[in-house]
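So the structure is just underneath, and the comments pick up after that.
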Amino acid sequence: MTWNPSRYDEKHAYVWNLAADLIDLLSPKPGERILDLGCGTGHLTGRIAALGAEGVGIDASAEMIAQARKNYPDLRFEIQDARVFRFNLPFDAVFSNAALHWVKEPERVIACIDRALKPGGRFVAEFGGKGNIARIVGAIKAACQAVGSPLKEESIPWYFPSLGEYAALLERNGLAVNEAFLFERPTPLEGGEAGLRDWIETFATNLLQHVPSDRRPAVIQKTEEILRPALFQNGVWQADYKRLRLKAIKEGKPV
Ligand code: BEZ
């Protein structure tokens with residue numbers, strides 16, 4: 001997946017604007033060291049730092065990290081992969097918003113989170129859970145089929161676990177789940193009539209890669225046609241997001 005950070009910053013600000021209560025759940029304290037895993041263009045790392053903690057952001061995308069450094073030149077951002085990241089000093093908390101559904105190897109990510117935390121440290125995250133964007137994916141599949149380029153399951157790049165599955169993974173890896181919710185959060189997309197098209201062009205390009213480029217506009221148009229009755233209201237597209245939100249604590253006595 002290649003990201004276009006300026007498009008992301010301009011058209012998808014809801015990604016971090018909707019995370020205010022996730023930051024409340026994290027509750028950063030002055031002096032704490034907090035890792036923002038999958039920080040994108042750095043806006044939530046910036047909010048964590050504004051609350052007095054030392055915020056460090058990592059992302060696998062060099063383009064996103066370059067933009068994060070431009071947005072917040074005083075903060076530390078590094079290009080690191082969620083499946084293998086490593087730091088010399090441990091963190092009081094690992095935070096992640098709208099990032100972990102991009103990584104299909106959750107055990108590797110959780111092992112890195114566990115290694116990065118101090119004993120008693122917290123992991124606070126929100127990402128797409130089971131059923132996330134089910135209508136959008138279903139419509140893209142039907143539209144691909146309609147133009148004669150059926151979508152293969154392996155080109156779907158996301159991991160949307162159930163609450164039970166993810167909580168069990170955390171607990172097997174030494175992270176005790178304190179709070180966990182799976183909830184629907186219909187999300188208004190910016191851009192009016194063009195909102196769904198922009199969302200697909202930013203986030204779902206992998207799903208269209210197998211479609212010859214001259215047929216992609218037809219796929220997008222067909223997807224809009226299928227979804228319009230359910231997801232377009234009063235001039236605004238609503239993505240059928242379903243979020244998994246949780247807080248877990250690394251076992252062991254705080255030092
Ligand atoms: C999400 O935030 O749930 C999401 C965003 C882009 C693609 C897939 C899921």
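Following the order of the structure tokens, chains are lettered A, B, ..., residues in each are numbered from 1, and ligands are numbered from 1.
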_How would you report the residues lying within 8 Å of ligand 1, as an NGL selection string, if you count only C-alpha atoms and all ligand atoms?_
:A and (15 or 98-99 or 101-102 or 127-129 or 132-133 or 158 or 199 or 203-204 or 241-243)
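Residues in contact range of A:Pro30, defined as at most 8 Å between only C-alpha atoms, with sequence neighbours fewer than 4 positions away removed, read Leu51, Gly52, Ala53 and Glu54 of chain A.
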- Item | In stretch 115-213 of chain A, DSSP helix (DSSP H, G or I) residues written as an MDAnalysis selection string | chainID A and resid 115:116 134:146 153:155 163:172 192:203 205:208 213
- Message: Using DSSP secondary structure from the backbone, list all strand (DSSP E) positions within stretch 125-241 of chain A, as a ChimeraX atom specification.
- Response: /A:125-128,175-184,187-188,232-233,236-239
* Considering only C-alpha atoms, state which residue in the set A:Leu189, A:Ile34, A:Val137, A:Ile156 is at the smallest distance from A:Leu18. =>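 Answer, going by the shortest atom-to-atom distance: A:Leu189.
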